[in-house]
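Visitor: Please see the structure below; I have some questions.
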Amino acid sequence: STKPRIVVLGAGYAGMMTTKKLMKKLSPEEAEIILVNKHNYHYQTTWLHEVAAGTINQNQVRIMIKDIINPNRVRLIYDTVVNIDKENKTVILENSELTYDYLVIALGYETNTFGIKGMEKHAFFIEDFESCQLIREHIEYQFAKFKNDPEADESSLTILVGGGGFTGIEFVGELVEKVPKLCKKYDIDRGKAKIINVEAAPSILPTFDKDLVDYGRKSLQERGAEILEGTRINECTEEGFLVGDNNELIKAGTIVWTGGVKGSSILGKAGFEITKGRVTVNNDLRVAGHDNIFILGDCAWVMNKEDNRPYPPTAQAAMQHASTCANNIRAILHNEPLEEFVFSDKGTVASLGVTDGMGKVIKDTKLFGKPAAAMKKVVDDRYLFLLGGLKLLLKKGKVRPF
Ligand code: FAD
Ligand code: NAD
């Protein structure tokens with residue numbers, strides 16, 4: 001008889017951790033495991049704002065998948081998922097097709113523009129490693145170009161960030177550190193280069209505690225960022241954003257949209273029922289009506305039974321999904337009962353550059369400034385340790401003990 005085949009789609013937080021755990025929980029005789037990813041590297045999505053601003057060594061953010069997942073144990077396929085044929089239990093890739101017995105969909109998020117006119121065409125997105133490298137290169141190019149053309153319009157130096165959620169605010173936190181360096185490098189007056197964040201809600205980080213938000217806003221403003229709250233973006237043009245009731249134009253040389261995310265568009269293509277961009281899964285993380293399909297991470301809504309609302313999709317949650325999913329695949333293969341996912345909230349910390357930040361950790365302890373920034377680095381490093389042990393931590397970690 002042939003072994004059951006488990007196919008994991010996407011090597012982000014959820015996909016990498018699920019694969020790692022399956023390797024541990026199942027013997028090679030029990031199942032064949034295949035991991036499919038667009039690239040031969042995994043990247044830490046939670047560090048992408050640093051890639052976009054150019055405040056981190058790009059290689060620190062990328063990890064070769066084969067350095068973490070033994071290719072002799074797991075078949076690694078570097079290809080793009082195009083669709084899923086549930087009837088025939090087949091994944092359609094750009095260059096081939098692949099059948100499965102068990103499928104784990106962990107394809108992450110895509111940027112959501114909510115159909116705002118011109119956004120797809122004129123704005124950059126913090127979406128994946130490559131899209132963030134483009135942002136970094138574009139910003140640097142704007143500064144280089146300005147230096148060589150004294151007649152140029154100063155607004156070409158303006159960096160406009162649309163959406164003041166965690167991604168937008170953490171990105172601005174990197175920009176306030178990067179822009180002064182670029183000004184120095186290209187001999188440009190700091191006052192000429194603006195950083196502007198635009199948020200529609202009355203406050204940035206609408207879901208966060210007021211004292212933490214107040215701290216973050218002040219820190220960014222003191223370091224030269226403009227924060228426009230209660231200001232809706234109606235349209236994006238080649239020149240900038242049109243905002244507010246009067247469609248006022250804010251001109252910029254770099255336009256980045258961080259106004260929202262949704263699950264992978266493959267979900268809709270494959271015919272899953274979509275609610276606000278994601279698929280609602282059962283508490284065992286399977287899709288209703290599909291006993292052999294798990295959906296994890298940013299592709300999934302997992303309901304919190306206590307208040308009947310979905311848990312927010314975060315890296316923290318994606319890693320915990322991976323654990324439940326691997327346990328449940330093992331349980332199915334062993335004819336044992338499946339477990340239910342319960343989120344264990346470790347808090348939320350946002351960085352505002354290398355040495356500043358704010359957040360809430362266990363038992364509602366609040367952190368501001370350096371302790372928050374340090375905690376964020378510890379969280380980042382904890383993930384590296386879980387993924388690749390001490391070896392990976394020493395190679396790519398952020399906390400430098402020596
Ligand atoms: P991802 O990590 O996005 O991985 C998806 C993988 O699938 C990628 O490797 C991608 O290449 C691959 N893929 C996508 N489409 C295809 C395809 N068609 N074919 C093949 N492969 C494909 N959360 C926190 O908990 N804490 C934080 O501090 C935090 N900070 C963040 C900072 C930023 C700048 C951003 C953008 C997000 C942050 N988040 C944070 C949210 C967190 O990053 C996501 O919730 C998390 O990445 C979701 O994990 P995932 O495994 O579902 O998807
Ligand atoms: P988000 O949806 O959390 O924030 C988007 C922001 O854009 C919102 O504040 C929204 O009001 C604003 N917006 C939307 N349309 C607008 C418009 N037309 N004009 C002006 N503003 C508009 O998205 P995100 O920040 O990309 O975060 C995505 C997910 O990743 C969230 O679950 C978040 O918690 C998580 N994340 C966490 C961290 C962290 O823990 N440090 C960091 C980054 C992201």
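Ligands are numbered from 1 in the order shown, residues from 1 within each chain, and chains are lettered A, B, ... in the order they appear in the structure tokens.
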Output the neighbourhood of ligand 1 as an MDAnalysis selection string, that is, all protein and nucleic acid residues with some atom at most 6 Å from the ligand, counting only C-alpha atoms and all ligand atoms.
Guide: chainID A and resid 10:15 37:38 42 45:49 79:82 106:109 167 297:298 313:316 318
Visitor: What's the 9 Å shell around Met303 in chain A, counting only C-alpha atoms, without same-chain residues fewer than 4 positions away, as a list in words?
Guide: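 In the requested form, the answer reads Thr280, Val281, Asn282, Asn283, Asp307, Asn308, Arg309, Pro310 and Tyr311 of chain A.
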Visitor: Which residues are near ligand 2 in this structure, taking near to mean any atom at most 6 Å from a ligand atom and counting only C-alpha atoms and all ligand atoms? Format them as a list in words.
Guide: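 So, counting only C-alpha atoms and all ligand atoms, the residues near ligand 2 are Gly162, Gly163, Gly164, Gly165, Phe166, Thr167, Gly168, Val198, Glu199, Ala200, Ala201, Ile204, Leu205, Pro206, Arg232, Ile233, Asn234, Thr258, Gly259, Gly260, Val261, Pro312, Pro313, Thr314, Thr348, Val349 and Ala350 of chain A.
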Visitor: Contacts of Ala225 in chain A at 8 Å or less, counting only C-alpha atoms, minus same-chain residues fewer than 5 places along, as a PDB file with N, CA and C atoms, in the first residue's frame?
Guide:
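Written out: out_15.pdb:
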ATOM      1  N   VAL A 172       6.609  53.445   9.639  1.00  0.00           N
ATOM      2  CA  VAL A 172       6.971  54.844   9.908  1.00  0.00           C
ATOM      3  C   VAL A 172       8.069  54.891  10.983  1.00  0.00           C
ATOM      4  N   VAL A 176      11.560  57.012  10.269  1.00  0.00           N
ATOM      5  CA  VAL A 176      12.094  58.166  11.007  1.00  0.00           C
ATOM      6  C   VAL A 176      13.574  57.947  11.352  1.00  0.00           C
ATOM      7  N   LYS A 194       9.772  64.660   3.882  1.00  0.00           N
ATOM      8  CA  LYS A 194       8.651  64.443   4.809  1.00  0.00           C
ATOM      9  C   LYS A 194       8.262  62.972   4.889  1.00  0.00           C
ATOM     10  N   ILE A 195       7.779  62.583   6.070  1.00  0.00           N
ATOM     11  CA  ILE A 195       7.201  61.250   6.252  1.00  0.00           C
ATOM     12  C   ILE A 195       5.772  61.484   6.753  1.00  0.00           C
ATOM     13  N   ILE A 196       4.799  61.047   5.982  1.00  0.00           N
ATOM     14  CA  ILE A 196       3.402  61.335   6.347  1.00  0.00           C
ATOM     15  C   ILE A 196       2.590  60.045   6.426  1.00  0.00           C
ATOM     16  N   ASN A 197       1.940  59.844   7.562  1.00  0.00           N
ATOM     17  CA  ASN A 197       1.040  58.699   7.726  1.00  0.00           C
ATOM     18  C   ASN A 197      -0.403  59.197   7.729  1.00  0.00           C
ATOM     19  N   LEU A 220       6.788  59.234  17.280  1.00  0.00           N
ATOM     20  CA  LEU A 220       6.977  59.387  15.828  1.00  0.00           C
ATOM     21  C   LEU A 220       6.976  60.864  15.434  1.00  0.00           C
TER      22      LEU A 220
END
Visitor: Could you give me, as a list in words, the residues within 8 Å of Lys66 in chain A, counting only C-alpha atoms and dropping anything in the same chain fewer than 5 positions from it?
Guide: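 Residues near the query, excluding close chain neighbours: Asn40, Pro71 and Leu76 of chain A.
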Visitor: Running DSSP on the backbone, which parts of range 65-202 of chain A land in strand (DSSP E or B), as a PyMOL selection string?
Guide: chain A and resi 74-78+81-85+90-93+97-99+102-105+109-111+117+124-125+159-162+195-198
Visitor: Write the selection just made, keeping C-alpha atoms, as a PDB file, in the first residue's frame?
Guide:
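For reference, selection.pdb as written:
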ATOM      1  CA  VAL A  74      10.283  16.298   3.159  1.00  0.00           C
ATOM      2  CA  ARG A  75       9.939  16.832  -0.567  1.00  0.00           C
ATOM      3  CA  LEU A  76      10.442  20.551  -1.227  1.00  0.00           C
ATOM      4  CA  ILE A  77       8.781  22.031  -4.289  1.00  0.00           C
ATOM      5  CA  TYR A  78       9.588  25.626  -5.189  1.00  0.00           C
ATOM      6  CA  VAL A  81       0.188  27.573  -6.345  1.00  0.00           C
ATOM      7  CA  VAL A  82      -2.285  28.596  -9.036  1.00  0.00           C
ATOM      8  CA  ASN A  83      -5.412  26.751  -7.908  1.00  0.00           C
ATOM      9  CA  ILE A  84      -6.740  23.831  -5.891  1.00  0.00           C
ATOM     10  CA  ASP A  85      -9.044  21.203  -7.408  1.00  0.00           C
ATOM     11  CA  THR A  90      -5.085  18.081  -6.770  1.00  0.00           C
ATOM     12  CA  VAL A  91      -3.031  21.252  -6.357  1.00  0.00           C
ATOM     13  CA  ILE A  92      -2.309  23.075  -9.588  1.00  0.00           C
ATOM     14  CA  LEU A  93       1.104  24.696  -9.632  1.00  0.00           C
ATOM     15  CA  GLU A  97       0.272  19.298 -10.614  1.00  0.00           C
ATOM     16  CA  LEU A  98       0.276  17.479  -7.324  1.00  0.00           C
ATOM     17  CA  THR A  99      -2.263  15.148  -5.709  1.00  0.00           C
ATOM     18  CA  TYR A 102      -4.285  15.746   3.308  1.00  0.00           C
ATOM     19  CA  LEU A 103      -3.901  19.410   2.433  1.00  0.00           C
ATOM     20  CA  VAL A 104      -2.670  22.252   4.643  1.00  0.00           C
ATOM     21  CA  ILE A 105      -3.331  25.691   3.165  1.00  0.00           C
ATOM     22  CA  TYR A 109      -2.054  37.281   3.226  1.00  0.00           C
ATOM     23  CA  GLU A 110      -2.349  39.641   0.298  1.00  0.00           C
ATOM     24  CA  THR A 111      -2.772  43.390   0.467  1.00  0.00           C
ATOM     25  CA  LYS A 117      -9.109  53.815  -7.246  1.00  0.00           C
ATOM     26  CA  PHE A 124       3.752  50.003  -3.238  1.00  0.00           C
ATOM     27  CA  PHE A 125       2.659  47.228  -0.852  1.00  0.00           C
ATOM     28  CA  ILE A 159       7.180  59.220   1.762  1.00  0.00           C
ATOM     29  CA  LEU A 160       3.447  58.735   2.144  1.00  0.00           C
ATOM     30  CA  VAL A 161       2.151  55.791   4.175  1.00  0.00           C
ATOM     31  CA  GLY A 162      -1.559  55.016   3.818  1.00  0.00           C
ATOM     32  CA  ILE A 195       7.201  61.250   6.252  1.00  0.00           C
ATOM     33  CA  ILE A 196       3.402  61.335   6.347  1.00  0.00           C
ATOM     34  CA  ASN A 197       1.040  58.699   7.726  1.00  0.00           C
ATOM     35  CA  VAL A 198      -2.653  58.910   6.854  1.00  0.00           C
TER      36      VAL A 198
END
Visitor: Between CA of Val379 in chain A and CA of Leu352 in chain A, measure the distance and give it in Å to one decimal.
Guide: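 Taking CA of Val379 in chain A and CA of Leu352 in chain A, their separation equals 14.9 Å.
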Visitor: Name the closest residue to Ala322 in chain A among the candidates A:Ile266, A:Ala144, A:Leu394, A:Leu285; distances are taken between atoms, counting only C-alpha atoms.
Guide: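 Smallest distance to Ala322 in chain A is found for A:Leu285.
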Visitor: What parts of range 134-296 of chain A does DSSP call alpha helix (DSSP H)? I'd like the answer as a ChimeraX atom specification.
Guide: /A:134-148,166-185,210-222,266-269
Visitor: Could you work out how far CA of Leu387 in chain A lies from CA of Leu35 in chain A, giving the answer in Å with one decimal?
Guide: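 Interatomic distance here is 15.3 Å.
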Visitor: Given the choices A:Asp67, A:Glu239, A:Glu137, A:Glu174, which gets closest to Ser156 in chain A if the distance is worked out from only C-alpha atoms?
Guide: A:Glu239
Visitor: Smallest atom-to-atom distance to Asn148 in chain A: which of A:Glu248, A:Asp187, A:Glu226, A:Glu273, using only C-alpha atoms?
Guide: A:Asp187
Visitor: Between CA of Ile68 in chain A and CA of Val7 in chain A, what is the distance, to one decimal in Å?
Guide: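 So the two atoms, CA of Ile68 in chain A and CA of Val7 in chain A, lie 17.3 Å apart.
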Visitor: So, counting only C-alpha atoms, which residue among A:Gln58, A:Asn335, A:Gln44, A:Thr237 is closest to Met119 in chain A?
Guide: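 For Met119 in chain A, the nearest of the given residues is A:Thr237.
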Visitor: Which of these residues is nearest to Ile69 in chain A, using only C-alpha atoms: A:Lys269, A:Lys89, A:Lys20, A:Lys396?
Guide: A:Lys20
